[in-house]
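Here's start34.txt, which has compact mmCIF, C-alpha atoms:
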# COMPACT_ATOMS: atom_id res chain seq x y z
CA MET W 237 177.88 146.15 58.92
CA ARG W 238 178.46 145.12 62.52
CA HIS W 239 177.10 148.49 63.64
CA PHE W 240 173.95 147.96 61.53
CA LEU W 241 173.37 144.47 63.05
CA ALA W 242 173.83 145.81 66.57
CA VAL W 243 171.28 148.57 65.92
CA LEU W 244 168.86 146.06 64.37
CA SER W 245 169.23 143.70 67.35
CA LEU W 246 168.62 146.56 69.80
CA GLY W 247 165.55 147.62 67.82
CA LEU W 248 164.09 144.14 67.91
CA THR W 249 164.74 143.87 71.66
CA LEU W 250 163.01 147.17 72.34
CA ALA W 251 160.09 146.25 70.07
CA GLY W 252 159.64 142.96 71.93
CA ALA W 253 159.71 144.70 75.29
CA TYR W 254 157.25 147.36 74.10
CA SER W 255 154.91 144.66 72.75
CA ALA W 256 154.95 142.83 76.08
CA LEU W 257 154.22 146.03 77.98
CA ALA W 258 151.50 147.10 75.56
CA GLN W 259 149.43 143.92 76.01
CA PRO W 260 146.41 144.70 78.22
CA ALA W 261 145.85 142.83 81.47
CA PRO W 262 143.30 140.04 81.17
CA PRO W 263 139.76 141.27 81.85
CA PRO W 264 138.29 140.39 85.27
CA HIS W 265 136.05 137.63 83.94
CA GLU W 266 139.08 135.80 82.53
CA ARG W 267 140.85 135.64 85.88
CA ALA W 268 140.50 132.67 88.22
CA THR W 269 136.89 132.30 89.39
CA ILE W 270 134.59 129.83 91.08
CA THR W 271 130.90 129.43 90.20
CA VAL W 272 128.50 127.73 92.60
CA GLN W 273 124.76 127.11 92.71
CA GLY W 274 122.92 127.54 96.00
CA ASP W 275 119.48 126.28 96.98
CA GLY W 276 117.10 127.73 99.53
CA LYS W 277 113.71 126.89 100.95
CA SER W 278 111.19 128.59 103.20
CA GLU W 279 107.91 127.36 104.63
CA THR W 280 104.64 129.23 104.96
CA ARG W 281 101.04 128.37 105.77
CA PRO W 282 98.60 128.02 102.85
CA ASP W 283 96.10 130.83 102.32
CA TYR W 284 93.28 128.98 100.60
CA VAL W 285 92.05 125.74 99.07
CA ALA W 286 91.17 125.53 95.37
CA ILE W 287 88.68 122.82 94.42
CA SER W 288 87.46 121.70 91.04
CA ALA W 289 84.39 119.48 90.83
CA ASP W 290 82.13 118.08 88.11
CA VAL W 291 78.44 117.48 87.65
CA ALA W 292 77.94 114.97 84.83
CA THR W 293 74.76 113.73 83.18
CA SER W 294 74.45 111.05 80.49
CA ALA W 295 71.50 110.32 78.22
CA SER W 296 70.76 108.61 74.91
CA SER W 297 69.79 111.83 73.13
CA LEU W 298 71.11 115.37 73.01
CA ASN W 299 67.86 116.96 74.22
CA ALA W 300 67.49 114.51 77.09
CA ALA W 301 71.06 115.08 78.25
CA GLN W 302 70.68 118.87 78.16
CA LYS W 303 67.34 118.88 79.99
CA ALA W 304 68.36 116.44 82.71
CA HIS W 305 71.70 118.12 83.17
CA GLY W 306 70.16 121.57 83.51
CA GLU W 307 68.12 120.37 86.49
CA ARG W 308 71.06 118.58 88.11
CA ALA W 309 73.47 121.49 87.60
CA SER W 310 70.97 123.95 89.11
CA LYS W 311 70.60 121.78 92.22
CA ALA W 312 74.38 121.42 92.48
CA ALA W 313 74.95 125.18 92.20
CA ALA W 314 72.38 125.86 94.91
CA ALA W 315 73.99 123.27 97.17
CA LEU W 316 77.45 124.77 96.67
CA LYS W 317 76.22 128.28 97.46
CA GLY W 318 74.71 126.95 100.68
CA ILE W 319 78.05 125.73 102.05
CA ASP W 320 79.48 128.27 104.47
CA GLY W 321 82.79 129.80 103.38
CA LEU W 322 82.79 128.19 99.92
CA ALA W 323 82.81 130.46 96.86
CA VAL W 324 82.06 129.49 93.26
CA GLU W 325 84.81 131.27 91.31
CA SER W 326 83.72 130.15 87.83
CA SER W 327 82.28 127.24 85.88
CA THR W 328 82.54 125.68 82.44
CA PHE W 329 80.17 123.51 80.41
CA ARG W 330 80.80 120.93 77.72
CA LEU W 331 78.69 118.40 75.85
CA ASP W 332 80.34 115.23 74.61
CA ARG W 333 79.09 112.65 72.12
CA ILE W 334 80.33 109.23 73.17
CA THR W 335 80.16 106.20 70.90
CA PRO W 336 80.70 103.02 72.90
CA PRO W 337 82.07 99.86 71.26
CA ALA W 338 79.45 97.51 69.79
CA ALA W 339 79.32 93.83 68.95
CA ALA W 340 80.25 92.75 65.44
CA GLY W 341 77.53 93.52 62.92
CA GLU W 342 75.70 95.92 65.26
CA LYS W 343 75.54 99.67 64.98
CA PRO W 344 76.77 101.38 68.16
CA ALA W 345 74.24 103.56 69.93
CA PRO W 346 75.67 107.00 70.70
CA GLU W 347 75.47 108.49 74.17
CA PHE W 348 75.52 112.15 75.11
CA ARG W 349 77.28 113.40 78.23
CA ALA W 350 76.88 116.91 79.61
CA VAL W 351 79.45 118.12 82.13
CA THR W 352 79.58 121.29 84.22
CA THR W 353 82.87 121.90 86.01
CA TYR W 354 82.87 124.21 89.03
CA PHE W 355 86.01 125.97 90.24
CA LEU W 356 85.63 126.58 93.95
CA LYS W 357 87.65 128.38 96.60
CA THR W 358 87.61 128.48 100.38
CA ARG W 359 89.78 130.10 103.02
CA ARG W 360 88.37 127.88 105.75
CA ILE W 361 91.35 125.58 105.58
CA GLU W 362 90.75 124.10 109.00
CA ALA W 363 87.23 123.07 107.92
CA ILE W 364 88.17 121.57 104.55
CA GLY W 365 87.25 118.06 105.67
CA ASP W 366 83.68 119.14 106.49
CA ILE W 367 83.41 121.14 103.26
CA VAL W 368 84.49 118.15 101.16
CA ALA W 369 82.01 115.93 102.99
CA LYS W 370 79.16 118.38 102.31
CA ILE W 371 80.05 118.57 98.62
CA ALA W 372 80.14 114.79 98.34
CA SER W 373 76.89 114.37 100.27
CA THR W 374 74.91 116.15 97.53
CA GLY W 375 75.18 113.00 95.43
CA LEU W 376 75.53 115.23 92.36
CA ILE W 377 79.07 116.51 92.50
CA GLU W 378 82.34 114.65 92.01
CA ILE W 379 85.50 116.35 93.27
CA HIS W 380 88.49 115.59 91.09
CA ASN W 381 91.08 118.12 92.24
CA LEU W 382 91.88 119.85 95.52
CA ARG W 383 94.92 122.10 96.06
CA PHE W 384 96.28 124.11 98.98
CA ALA W 385 97.85 127.32 97.71
CA LEU W 386 99.10 130.85 98.40
CA ASP W 387 97.69 134.18 97.30
CA ASP W 388 101.17 135.66 97.06
CA ASN W 389 104.48 133.89 97.58
CA SER W 390 106.77 136.95 97.26
CA LYS W 391 107.64 137.24 100.97
CA ALA W 392 108.32 133.51 101.35
CA LEU W 393 110.26 133.55 98.07
CA ASP W 394 112.49 136.37 99.33
CA GLU W 395 113.38 134.29 102.38
CA ALA W 396 114.15 131.30 100.16
CA ARG W 397 116.38 133.47 97.96
CA LYS W 398 118.34 134.71 100.98
CA GLU W 399 118.83 131.12 102.08
CA ALA W 400 119.98 130.22 98.56
CA VAL W 401 122.66 132.94 98.67
CA ARG W 402 123.85 131.74 102.08
CA ASP W 403 124.00 128.18 100.74
CA ALA W 404 125.98 129.26 97.67
CA ARG W 405 128.52 131.12 99.82
CA ARG W 406 128.88 128.16 102.18
CA ARG W 407 129.61 125.85 99.25
CA ALA W 408 132.03 128.30 97.63
CA GLU W 409 133.96 128.73 100.88
CA LEU W 410 134.16 124.96 101.27
CA TYR W 411 135.55 124.50 97.75
CA ALA W 412 137.97 127.41 98.14
CA GLU W 413 139.30 126.03 101.41
CA ALA W 414 139.80 122.61 99.86
CA ALA W 415 141.61 124.18 96.90
CA GLY W 416 143.89 126.29 99.08
CA VAL W 417 142.54 129.64 97.89
CA LYS W 418 140.26 132.32 99.27
CA LEU W 419 137.15 134.01 97.94
CA GLY W 420 137.43 137.49 96.53
CA GLU W 421 134.69 139.80 95.27
CA VAL W 422 131.37 138.58 93.89
CA LEU W 423 131.35 138.91 90.11
CA GLU W 424 127.87 137.70 89.20
CA ILE W 425 124.58 136.67 90.81
CA SER W 426 121.70 135.22 88.83
CA ASP W 427 118.50 133.31 89.51
CA THR W 428 118.82 129.72 88.39
CA GLU W 429 115.03 129.61 87.98
CA ARG W 430 113.60 132.60 86.16
CA ARG W 431 109.97 131.75 86.90
CA PHE W 432 108.59 130.92 90.31
CA PRO W 433 105.08 129.44 90.19
CA LEU W 434 102.89 129.73 93.25
CA PRO W 435 103.46 126.66 95.40
CA MET W 436 100.59 124.22 95.81
CA LYS W 437 99.98 120.88 97.43
CA GLN W 438 97.41 118.47 96.12
CA ALA W 439 95.36 116.38 98.50
CA GLY W 440 94.06 112.89 98.11
CA PHE W 441 90.62 112.14 99.50
CA ALA W 442 87.61 109.88 99.33
CA ARG W 443 83.95 110.28 100.25
CA ASP W 444 84.36 108.44 103.55
CA MET W 445 87.86 109.78 104.29
CA GLY W 446 88.74 113.13 105.82
CA VAL W 447 91.16 115.61 104.27
CA THR W 448 94.15 116.70 106.36
CA PRO W 449 95.49 120.09 105.26
CA PRO W 450 99.27 120.55 105.18
CA GLU W 451 100.68 122.73 107.94
CA THR W 452 102.99 124.53 105.52
CA LEU W 453 103.85 124.86 101.84
CA ASP W 454 107.44 124.80 100.60
CA VAL W 455 108.75 127.75 98.60
CA ASN W 456 112.04 127.04 96.80
CA ALA W 457 114.65 129.23 95.13
CA SER W 458 118.02 128.68 93.47
CA VAL W 459 120.83 131.09 92.71
CA THR W 460 124.09 130.85 90.75
CA MET W 461 126.99 132.98 92.03
CA THR W 462 130.50 133.60 90.74
CA TRP W 463 133.41 134.79 92.87
CA ARG W 464 136.95 135.75 92.01
CA ILE W 465 139.39 133.48 93.82
CA GLU W 466 142.77 134.60 95.08
CA PRO W 467 145.79 132.83 96.55
CA LYS W 468 145.98 132.76 100.30
CA PRO W 469 148.55 135.18 101.78
Please render this file's structure as structure tokens.
Amino acid sequence: MRHFLAVLSLGLTLAGAYSALAQPAPPPHERATITVQGDGKSETRPDYVAISADVATSASSLNAAQKAHGERASKAAAALKGIDGLAVESSTFRLDRITPPAAAGEKPAPEFRAVTTYFLKTRRIEAIGDIVAKIASTGLIEIHNLRFALDDNSKALDEARKEAVRDARRRAELYAEAAGVKLGEVLEISDTERRFPLPMKQAGFARDMGVTPPETLDVNASVTMTWRIEPKP
């Protein structure tokens, strides 16, 4: 009986040792890591100015609004084409029926409003003040949006991404130093922002006020990076 118990005890000891040895090492992603987000920015000069402007005509009847607006829109289009360096990219037209409030007991008289919106573009950024003044001087066109933009931001975005990686590493090294560990290999790199719209800057302006173009546009990027951390030797 004692011999049987000794054999059983030895068997259990060996089974426990085998079980401990047979357990796989934790996968790399389960080891100690540090994850940090980095931000980067680059600056580049705008390539063009996008302008949207309206010609609007109101009248008491549909036919009157259409006829008067056709004449005004034709004059506006000719004036826009005559401005050096300004291109008409496209235009849209809409006709609205507006019913203003009326006094009690009175039937409101409807009003019809025809609107043509022009989408304009110029690469003469240094002359944008003069271009805006010429548009406004027609007396027909109201500018309601003006944006400085880029044709392609890929080169500036690449520089911002590089800066984001450098920023992430700087932060990770700072945290590792404070924690008494060191950075190991990089385990993962991913864009924090998956979509990068073309950067734009809007400008405020008035008929008697010049427009000052921005010297540069900001292009931003963010990255999230994960490192393995190891004890210091």
Segment 262-289 of chain W near segment 393-414 of chain W within 6 Å: what's each residue's closest atom pair and its distance in Å to one decimal, counting all atoms listed in the file, ordered by chain then ascending residue number, as a Markdown table?
| residue | atom | partner | partner_atom | distance |
| --- | --- | --- | --- | --- |
| W:Val272 | CA | W:Ala404 | CA | 5.9 |
| W:Gln273 | CA | W:Ala404 | CA | 5.5 |
| W:Gly274 | CA | W:Ala404 | CA | 3.9 |
| W:Asp275 | CA | W:Ala400 | CA | 4.3 |
| W:Gly276 | CA | W:Ala400 | CA | 3.9 |
| W:Lys277 | CA | W:Ala396 | CA | 4.5 |
| W:Ser278 | CA | W:Ala396 | CA | 5.0 |
Output file for the selection above: C-alpha atoms, as a short mmCIF file (atom, residue, chain, number, x, y, z; two decimals), in the frame of the given file:
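Generated file (out27.cif):
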data_model
loop_
_atom_site.label_atom_id
_atom_site.label_comp_id
_atom_site.auth_asym_id
_atom_site.auth_seq_id
_atom_site.Cartn_x
_atom_site.Cartn_y
_atom_site.Cartn_z
CA VAL W 272 128.50 127.73 92.60
CA GLN W 273 124.76 127.11 92.71
CA GLY W 274 122.92 127.54 96.00
CA ASP W 275 119.48 126.28 96.98
CA GLY W 276 117.10 127.73 99.53
CA LYS W 277 113.71 126.89 100.95
CA SER W 278 111.19 128.59 103.20
#
The residue from W:Ile465, W:Ala300, W:Leu356, W:Ala392 with the smallest atom-to-atom distance to Ile371 of chain W, counting all atoms listed in the file, is W:Leu356
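Counting from atom CA of Val455 of chain W, the distance to atom CA of Ala363 of chain W is 23.9 Å.
Atom to atom, atom CA of Ile364 of chain W and atom CA of Leu322 of chain W stand 9.7 Å apart.
From atom CA of Ser426 of chain W back to atom CA of Thr460 of chain W, the distance works out to 5.3 Å.
Nearest to Ile425 of chain W of all the residues W:Ser288, W:Thr271, W:Thr374, W:Thr452 is W:Thr271, based on all atoms listed in the file.
Among the candidate residues W:Val459, W:Ala292, W:Ala301, W:Ala312, the one lying nearest to Glu347 of chain W is W:Ala301, with distances computed using only C-alpha atoms.
With only the atoms specified (all atoms listed in the file) counting, those residues at most 10 Å away from (75.9, 116.1, 94.7) are Ala289, Asp290, Val291, Arg308, Ala309, Lys311, Ala312, Ala313, Ala315, Leu316, Lys370, Ile371, Ala372, Ser373, Thr374, Gly375, Leu376, Ile377, Glu378 and Ile379 of chain W.
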What are the centre and edge lengths in Å, to one decimal, of the axis-aligned box around all listed atoms of segment 418-430 of chain W with 8 Å added on each side, as AutoDock Vina command-line options?
--center_x 126.9 --center_y 134.7 --center_z 92.7 --size_x 42.7 --size_y 26.2 --size_z 29.1
Min atom-atom distance to Asn456 of chain W from the set W:Glu362, W:Glu307, W:Asp427, W:Asp332, counting all atoms listed in the file, belongs to W:Asp427
